[in-house]
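In what follows, a single structure is set out as structure tokens and then discussed.
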Amino acid sequence: MTGDRDSAMMGLAGLRFAWAGCAVLALTLTASLAHGDDRPFDPYEVRDLEISALAENAVAAKEKALGDGLVAAATRVLDRIAVDGGDFALSADDAEKLLSGYYHSAEQVGPGGYRGTYTFSFSPLLARGFLSRRGIGVADVAAQPVLLIPVIQADGEYRLWQEAAPWADALAGHDMEEGLTPIRLPANSARDRAVREDRLLAADIGALGEFRIRYRTHAAALAILKTDPGSGRMTVALKGADGAGPIDTAVPIDDGTVALAAATVANLLSARWKSVAAGSGDIRSAAGNSLSVRVLLSGGPAEWAELQARLAASGVIDGVAVEGMGATSGNIVLWYAGRLDALPGRLANARVDLFEAGGSWLLQAF
């Protein structure tokens with residue numbers, strides 16, 4: 001493999017064959033990628049994941065590292081988009097069935113080890129189908145950014161700006177985009193510090209509005225960390241508005257740390273956003289209809305990739321689960337909304353032929 005993109009079609013088992021002729025001398029390969037850091041967030045993509053493994057030779061080490069990386073990346077994607085979460089217990093084969101592609105930006109190969117930096121992309125249809133089959137709703141649209149203003153309350157006093165830096169660092173260190181709720185933090189500028197603190201601490205809509213406009217976010221909220229040095233207890237409070245609307249809530253944390261408090265904020269924002277998205281119809285819920293279908297592949301395995309693309313582009317199918325796929329046919333489950341008798345006609349617009357024969361539903365491209 002000489003390029004910066006490995007073929008996801010070959011599967012993990014194919015790596016053993018592809019690497020059989022590689023020398024075992026230590027080497028470093030770095031690919032120059034055209035991807036910048038300013039790409040929009042994609043909930044179905046895990047970027048720059050570090051993977052590594054040790055084994056009896058370089059081929060086995062890379063195969064193990066890729067398998068472990070696939071599982072970690074797929075689990076991360078499913079955690080992002082699942083409304084209620086769950087223990088997915090994925091195998092490497094499970095993860096590969098959801099994969100749409102991957103590439104590496106750097107790798108190091110040695111006699112008995114492998115290390116690389118990979119970006120994995122997963123199929124939205126297959127990931128949603130995986131969750132739907134388990135009765136788990138899906139939220140895959142990120143909220144608009146929210147400005148969080150860190151505040152520490154201790155001994156009856158409030159600390160903002162630089163005095164709240166440890167709390168701000170903890171919030172910044174938790175990747176809240178993973179929960180589909182990106183945040184921004186204030187720069188502690190002179191304009192920020194000039195605000196009337198009594199208005200800000202009261203979560204005055206006008207004061208918060210000034211910050212929201214200044215930092216160009218959808219909403220702004222105080223993230224207050226209340227500490228009790230005597231007992232070691234903490235309370236996290238959010239006041240203002242987030243992606244889900246007005247918020248005024250507090251959560252106690254016994255024997256907590258600042259890192260745990262930041263994670264609590266992240267979980268609160270994510271749970272609220274996904275709950276509101278479910279109520280507004282942005283959730284692709286498992287409550288839809290499902291249909292077991294036999295796929296006919298007259299053009300071989302490559303035709304399934306084309307069929308997947310057409311199903312995704314149809315706007316009709318909410319999820320696909322692959323139960324088995326061979327060279328000429330396969331078995332899948334489709335999740336869809338609406339009436340079954342209308343489904344064939346709607347799919348025909350995407351050049352997908354769904355029809356019933358011999359008591360079974362069949363699907364093919366045309």
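Identifiers for the structure tokens are assigned positionally: chains receive A, B, ... in sequence, residues are indexed from 1 per chain, and ligands are indexed from 1 in the order shown.
Neighbours of A:Asn289 closer than or equal to 7 Å, with only C-alpha atoms counted and sequence neighbours fewer than 3 positions away skipped, come out as A:Trp335, A:Tyr336, A:Ala337.
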Find the nearest atom pair between each residue of stretch 197-235 of chain A and stretch 259-276 of chain A for residues within 12 Å, count only C-alpha atoms, give distances in Å to one decimal, sort rows by chain and ascending number, and present the table as a Markdown table.
| residue | atom | partner | partner_atom | distance |
| --- | --- | --- | --- | --- |
| A:Ala221 | CA | A:Leu269 | CA | 11.0 |
| A:Leu222 | CA | A:Val265 | CA | 11.0 |
| A:Ala223 | CA | A:Val265 | CA | 7.9 |
| A:Ile224 | CA | A:Val265 | CA | 9.8 |
| A:Leu225 | CA | A:Ala261 | CA | 7.6 |
| A:Lys226 | CA | A:Ala261 | CA | 9.9 |
| A:Thr227 | CA | A:Ala261 | CA | 10.5 |
| A:Arg233 | CA | A:Ala261 | CA | 10.6 |
| A:Met234 | CA | A:Ala261 | CA | 7.7 |
| A:Thr235 | CA | A:Ala261 | CA | 7.8 |
Just the selected residues (N, CA and C atoms), exported as a PDB file, in the first residue's frame, please.
ATOM      1  N   ALA A 221     -24.494  30.823  28.264  1.00  0.00           N
ATOM      2  CA  ALA A 221     -24.918  30.370  29.592  1.00  0.00           C
ATOM      3  C   ALA A 221     -23.746  30.454  30.559  1.00  0.00           C
ATOM      4  N   LEU A 222     -24.069  30.667  31.828  1.00  0.00           N
ATOM      5  CA  LEU A 222     -23.074  30.575  32.888  1.00  0.00           C
ATOM      6  C   LEU A 222     -22.874  29.107  33.242  1.00  0.00           C
ATOM      7  N   ALA A 223     -21.609  28.682  33.335  1.00  0.00           N
ATOM      8  CA  ALA A 223     -21.278  27.350  33.837  1.00  0.00           C
ATOM      9  C   ALA A 223     -20.627  27.541  35.199  1.00  0.00           C
ATOM     10  N   ILE A 224     -21.412  27.347  36.247  1.00  0.00           N
ATOM     11  CA  ILE A 224     -20.971  27.680  37.608  1.00  0.00           C
ATOM     12  C   ILE A 224     -20.529  26.409  38.329  1.00  0.00           C
ATOM     13  N   LEU A 225     -19.302  26.429  38.811  1.00  0.00           N
ATOM     14  CA  LEU A 225     -18.779  25.331  39.608  1.00  0.00           C
ATOM     15  C   LEU A 225     -18.763  25.762  41.069  1.00  0.00           C
ATOM     16  N   LYS A 226     -19.665  25.190  41.859  1.00  0.00           N
ATOM     17  CA  LYS A 226     -19.739  25.504  43.283  1.00  0.00           C
ATOM     18  C   LYS A 226     -18.945  24.455  44.053  1.00  0.00           C
ATOM     19  N   THR A 227     -18.017  24.902  44.883  1.00  0.00           N
ATOM     20  CA  THR A 227     -17.182  23.966  45.631  1.00  0.00           C
ATOM     21  C   THR A 227     -17.349  24.180  47.125  1.00  0.00           C
ATOM     22  N   ARG A 233     -17.466  18.281  48.264  1.00  0.00           N
ATOM     23  CA  ARG A 233     -18.567  18.182  47.311  1.00  0.00           C
ATOM     24  C   ARG A 233     -18.548  19.339  46.325  1.00  0.00           C
ATOM     25  N   MET A 234     -19.088  19.063  45.160  1.00  0.00           N
ATOM     26  CA  MET A 234     -19.207  20.073  44.119  1.00  0.00           C
ATOM     27  C   MET A 234     -20.631  20.078  43.591  1.00  0.00           C
ATOM     28  N   THR A 235     -21.005  21.203  43.019  1.00  0.00           N
ATOM     29  CA  THR A 235     -22.276  21.314  42.304  1.00  0.00           C
ATOM     30  C   THR A 235     -22.003  22.067  41.011  1.00  0.00           C
TER      31      THR A 235
END
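Taking atom CA of A:Val258 and atom CA of A:Arg214 as the two end points, the separation is 27.4 Å.
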Self-check item: Spatial neighbours of A:Ala302, max dist 12 Å, only C-alpha atoms, sep filter under 4 positions, as a PyMOL selection string
Solution: chain A and resi 9-10+296-298+306-309+325-329+365
Practice problem: Can you check which residues of stretch 42-163 of chain A DSSP gives as alpha helix (DSSP H) on the backbone and send them as a ChimeraX atom specification? | Solution: /A:58-81,92-98,124-133
Quiz prompt | Residue contacts of A:Val71 (8 Å, only C-alpha atoms) excluding same-chain residues fewer than 2 positions away, as a list of chain:residue names | solution = A:Gly67, A:Asp68, A:Gly69, A:Ala73, A:Ala74, A:Thr75, A:Leu90, A:Ser91, A:Ala92, A:Ala95
